[in-house]
Amino acid sequence: MRLGMSSWPLWIAVPLVIWGGGPTLSLANGRSPVGRVAEEPPRYVRSLETYRVPPVVLVDQEGEKVALASVLDGDKAVMVNFLFTSCTTTCSVVTATVARMLEVLGPEGRAPRILSITIDPTHDTPEALQAYARQHGLGRGWQLLTGDGGQIRTVLRAFSALGGSKTTHEPLMFLRTPGSRHWVRISGFPSAAELAREYRRLRVN
């Protein structure tokens with residue numbers, strides 16, 4: 001099946017976060033809604049999952065090859081999200097939230113390595129990713145990745161995020177500490193402060 005711009009399985013501008021420190025969140029079985037006020041729906045849902053990072057090699061906005069497994073299984077804090085550069089809704093919101101989270105963290109915000117993986121590789125060339133980074137003022141520590149359609153599908157499938165379409169994808173973020181088997185899966189729209197709190201909780205535990 002050929003991946004195109006109009007029909008794309010996807011999981012989001014997904015931040016996948018690997019952070020320094022030891023294994024962290026201890027969640028009960030099932031999913032835990034966060035940010036519920038009165039009868040309003042929760043802003044996001046958090047769960048603990050186990051995934052295996054596939055051995056794919058992607059390309060960043062500078063045209064450099066990036067072995068995904070070696071980066072995500074490394075010893076540095078990392079936040080990864082999946083997006084597509086022509087998105088004007090969900091992806092922009094998640095990108096802005098992550099950028100604001102780094103500001104909230106202050107000096108701590110220099111620790112996590114951020115990776116944003118496109119879900120529209122046909123359109124999102126390294127040059128398109130560079131333009132997106134400039135448009136949103138993303139710093140040098142924020143790496144944007146692309147690849148071929150098969151590679152992107154493999155990554156989405158690995159994180160149980162394959163489904164929907166490019167324009168109706170679920171907003172997802174994934175966090176993990178180095179050495180841990182578990183990922184914290186965040187579905188929804190946490191605020192920058194809530195995302196910073198999740199990061200700090202990982203670092204402390």
# chains A, B, ... in the order shown; residues from 1 in each chain; ligands from 1

call {"tool": "select_by_dssp", "arguments": {"residues": "segment 9-200 of chain A", "states": "helix (DSSP H, G or I)", "output": "short mmCIF file (atom, residue, chain, number, x, y, z; two decimals) with N, CA and C atoms, in the first residue's frame"}}
result
data_model
loop_
_atom_site.label_atom_id
_atom_site.label_comp_id
_atom_site.auth_asym_id
_atom_site.auth_seq_id
_atom_site.Cartn_x
_atom_site.Cartn_y
_atom_site.Cartn_z
N LEU A 68 17.08 4.84 14.68
CA LEU A 68 16.09 5.15 15.70
C LEU A 68 16.31 4.39 17.01
N ALA A 69 16.56 3.09 16.92
CA ALA A 69 16.72 2.29 18.13
C ALA A 69 17.89 2.76 18.97
N SER A 70 18.99 3.12 18.33
CA SER A 70 20.17 3.54 19.10
C SER A 70 19.92 4.86 19.80
N VAL A 71 19.10 5.72 19.21
CA VAL A 71 18.78 7.00 19.83
C VAL A 71 17.80 6.81 20.99
N LEU A 72 16.73 6.05 20.73
CA LEU A 72 15.69 5.90 21.74
C LEU A 72 16.10 4.98 22.88
N THR A 90 -3.77 19.71 15.10
CA THR A 90 -3.20 18.90 16.18
C THR A 90 -1.69 19.01 16.29
N CYS A 91 -0.99 18.89 15.17
CA CYS A 91 0.48 18.89 15.19
C CYS A 91 1.03 20.20 15.73
N SER A 92 0.43 21.30 15.29
CA SER A 92 0.89 22.61 15.76
C SER A 92 0.67 22.77 17.26
N VAL A 93 -0.46 22.25 17.74
CA VAL A 93 -0.76 22.33 19.17
C VAL A 93 0.27 21.55 19.98
N VAL A 94 0.56 20.32 19.54
CA VAL A 94 1.52 19.48 20.27
C VAL A 94 2.92 20.09 20.20
N THR A 95 3.31 20.57 19.03
CA THR A 95 4.63 21.20 18.89
C THR A 95 4.76 22.39 19.83
N ALA A 96 3.73 23.23 19.86
CA ALA A 96 3.76 24.40 20.74
C ALA A 96 3.79 24.00 22.21
N THR A 97 3.07 22.93 22.56
CA THR A 97 3.04 22.47 23.95
C THR A 97 4.41 21.97 24.39
N VAL A 98 5.06 21.20 23.53
CA VAL A 98 6.39 20.69 23.87
C VAL A 98 7.39 21.85 23.99
N ALA A 99 7.31 22.81 23.06
CA ALA A 99 8.20 23.97 23.12
C ALA A 99 7.98 24.75 24.40
N ARG A 100 6.73 24.93 24.78
CA ARG A 100 6.41 25.64 26.01
C ARG A 100 6.86 24.85 27.24
N MET A 101 6.75 23.51 27.17
CA MET A 101 7.21 22.67 28.27
C MET A 101 8.69 22.92 28.56
N LEU A 102 9.48 23.04 27.49
CA LEU A 102 10.91 23.29 27.67
C LEU A 102 11.15 24.61 28.38
N GLU A 103 10.31 25.60 28.08
CA GLU A 103 10.43 26.89 28.77
C GLU A 103 10.06 26.76 30.23
N VAL A 104 9.00 25.99 30.50
CA VAL A 104 8.56 25.78 31.89
C VAL A 104 9.66 25.08 32.69
N LEU A 105 10.34 24.14 32.06
CA LEU A 105 11.40 23.39 32.75
C LEU A 105 12.63 24.24 33.03
N GLY A 106 12.81 25.32 32.28
CA GLY A 106 13.99 26.16 32.48
C GLY A 106 15.26 25.39 32.17
N PRO A 107 16.27 25.45 33.04
CA PRO A 107 17.53 24.74 32.80
C PRO A 107 17.34 23.24 32.59
N GLU A 108 16.31 22.67 33.22
CA GLU A 108 16.03 21.24 33.03
C GLU A 108 15.66 20.92 31.59
N GLY A 109 15.13 21.93 30.88
CA GLY A 109 14.68 21.74 29.52
C GLY A 109 15.79 21.46 28.53
N ARG A 110 17.04 21.63 28.97
CA ARG A 110 18.16 21.33 28.08
C ARG A 110 18.48 19.83 28.09
N PRO A 126 13.70 16.46 4.02
CA PRO A 126 14.52 17.18 4.99
C PRO A 126 14.37 18.70 4.86
N GLU A 127 14.21 19.18 3.63
CA GLU A 127 14.04 20.63 3.43
C GLU A 127 12.72 21.11 4.03
N ALA A 128 11.65 20.32 3.86
CA ALA A 128 10.36 20.69 4.44
C ALA A 128 10.44 20.69 5.97
N LEU A 129 11.17 19.73 6.52
CA LEU A 129 11.33 19.66 7.97
C LEU A 129 12.13 20.85 8.49
N GLN A 130 13.14 21.27 7.72
CA GLN A 130 13.91 22.45 8.09
C GLN A 130 13.02 23.69 8.15
N ALA A 131 12.16 23.82 7.14
CA ALA A 131 11.25 24.97 7.08
C ALA A 131 10.29 24.96 8.27
N TYR A 132 9.81 23.77 8.64
CA TYR A 132 8.91 23.64 9.79
C TYR A 132 9.61 24.05 11.08
N ALA A 133 10.86 23.62 11.21
CA ALA A 133 11.63 23.97 12.41
C ALA A 133 11.81 25.48 12.50
N ARG A 134 12.10 26.13 11.39
CA ARG A 134 12.26 27.59 11.39
C ARG A 134 10.94 28.28 11.71
N GLN A 135 9.86 27.79 11.12
CA GLN A 135 8.54 28.39 11.33
C GLN A 135 8.13 28.37 12.80
N GLY A 149 7.72 5.37 3.29
CA GLY A 149 6.43 5.01 3.88
C GLY A 149 6.47 3.74 4.70
N GLY A 150 7.21 2.74 4.23
CA GLY A 150 7.29 1.50 4.97
C GLY A 150 7.95 1.66 6.33
N GLN A 151 8.99 2.47 6.39
CA GLN A 151 9.67 2.70 7.66
C GLN A 151 8.74 3.39 8.66
N ILE A 152 8.02 4.40 8.18
CA ILE A 152 7.12 5.13 9.08
C ILE A 152 6.00 4.23 9.58
N ARG A 153 5.44 3.40 8.68
CA ARG A 153 4.40 2.46 9.12
C ARG A 153 4.95 1.50 10.18
N THR A 154 6.19 1.07 10.00
CA THR A 154 6.81 0.15 10.96
C THR A 154 6.90 0.80 12.34
N VAL A 155 7.27 2.06 12.39
CA VAL A 155 7.39 2.76 13.66
C VAL A 155 6.01 2.93 14.29
N LEU A 156 5.03 3.34 13.50
CA LEU A 156 3.67 3.52 14.02
C LEU A 156 3.13 2.20 14.57
N ARG A 157 3.36 1.13 13.83
CA ARG A 157 2.88 -0.18 14.27
C ARG A 157 3.56 -0.61 15.57
N ALA A 158 4.84 -0.32 15.68
CA ALA A 158 5.59 -0.71 16.87
C ALA A 158 5.03 -0.07 18.13
N LYS A 166 -4.27 10.69 8.20
CA LYS A 166 -3.35 11.78 8.50
C LYS A 166 -4.05 12.94 9.20
N THR A 167 -5.26 13.22 8.78
CA THR A 167 -5.98 14.38 9.32
C THR A 167 -6.83 14.06 10.54
N THR A 168 -6.93 12.79 10.91
CA THR A 168 -7.74 12.43 12.08
C THR A 168 -6.93 11.62 13.08
N ALA A 192 1.35 22.46 28.94
CA ALA A 192 2.80 22.47 29.07
C ALA A 192 3.22 22.19 30.51
N ALA A 193 2.46 22.74 31.46
CA ALA A 193 2.78 22.52 32.88
C ALA A 193 2.59 21.05 33.25
N GLU A 194 1.52 20.43 32.74
CA GLU A 194 1.28 19.01 33.03
C GLU A 194 2.36 18.13 32.40
N LEU A 195 2.78 18.49 31.19
CA LEU A 195 3.81 17.71 30.54
C LEU A 195 5.14 17.85 31.28
N ALA A 196 5.43 19.06 31.74
CA ALA A 196 6.64 19.28 32.53
C ALA A 196 6.58 18.47 33.82
N ARG A 197 5.40 18.39 34.42
CA ARG A 197 5.23 17.61 35.65
C ARG A 197 5.46 16.12 35.38
N GLU A 198 4.98 15.62 34.23
CA GLU A 198 5.23 14.23 33.87
C GLU A 198 6.74 13.98 33.73
N TYR A 199 7.41 14.91 33.11
CA TYR A 199 8.86 14.79 32.93
C TYR A 199 9.58 14.76 34.28
N ARG A 200 9.22 15.67 35.15
CA ARG A 200 9.87 15.74 36.45
C ARG A 200 9.57 14.48 37.27
#

call {"tool": "residues_around", "arguments": {"residues": "Tyr44 of chain A", "least_positions_apart": "2", "cutoff": "6 Å", "atoms": "only C-alpha atoms", "output": "CSV table (one decimal) with N, CA and C atoms, in the first residue's frame"}}
result
chain,number,residue,atom,x,y,z
A,34,VAL,N,-6.4,12.1,33.4
A,34,VAL,CA,-5.8,13.1,34.1
A,34,VAL,C,-6.4,14.5,33.7
A,42,PRO,N,-11.5,14.3,30.6
A,42,PRO,CA,-10.1,14.5,30.9
A,42,PRO,C,-9.3,15.1,29.7
A,187,SER,N,-2.2,10.1,25.8
A,187,SER,CA,-3.1,10.3,24.7
A,187,SER,C,-3.9,11.6,25.1
A,188,GLY,N,-3.9,12.6,24.2
A,188,GLY,CA,-4.7,13.8,24.5
A,188,GLY,C,-3.8,15.0,24.4
A,189,PHE,N,-4.3,16.0,25.1
A,189,PHE,CA,-3.7,17.3,25.1
A,189,PHE,C,-3.3,17.9,26.5
A,190,PRO,N,-2.3,17.3,27.1
A,190,PRO,CA,-1.8,17.9,28.4
A,190,PRO,C,-1.3,19.3,28.1

call {"tool": "residues_around", "arguments": {"residues": "Gly141 of chain A", "least_positions_apart": "5", "cutoff": "12 Å", "atoms": "only C-alpha atoms", "output": "NGL selection string"}}
result
:A and (60-61 or 76-80 or 99 or 102 or 109-116 or 133)

call {"tool": "atom_distance", "arguments": {"atom1": "atom CA of Val184 of chain A", "atom2": "atom CA of Val45 of chain A"}}
result
10.2 Å

call {"tool": "select_by_dssp", "arguments": {"residues": "segment 8-204 of chain A", "states": "strand (DSSP E or B)", "output": "PyMOL selection string"}}
result
chain A and resi 16-18+32-34+44-50+57-60+65-67+78-83+113-118+142-146+172-176+182-188

call {"tool": "closest_residue", "arguments": {"among": "A:Gly74, A:Pro41, A:Pro54, A:Gly147", "to": "Gly179 of chain A", "atoms": "only C-alpha atoms"}}
result
A:Gly74

call {"tool": "closest_residue", "arguments": {"among": "A:Thr88, A:Ser191, A:Ser165, A:Thr146", "to": "Val56 of chain A", "atoms": "only C-alpha atoms"}}
result
A:Thr146

call {"tool": "atom_distance", "arguments": {"atom1": "atom CA of Leu162 of chain A", "atom2": "atom CA of Pro178 of chain A"}}
result
24.6 Å

call {"tool": "atom_distance", "arguments": {"atom1": "atom CA of Phe82 of chain A", "atom2": "atom CA of Ile119 of chain A"}}
result
6.3 Å
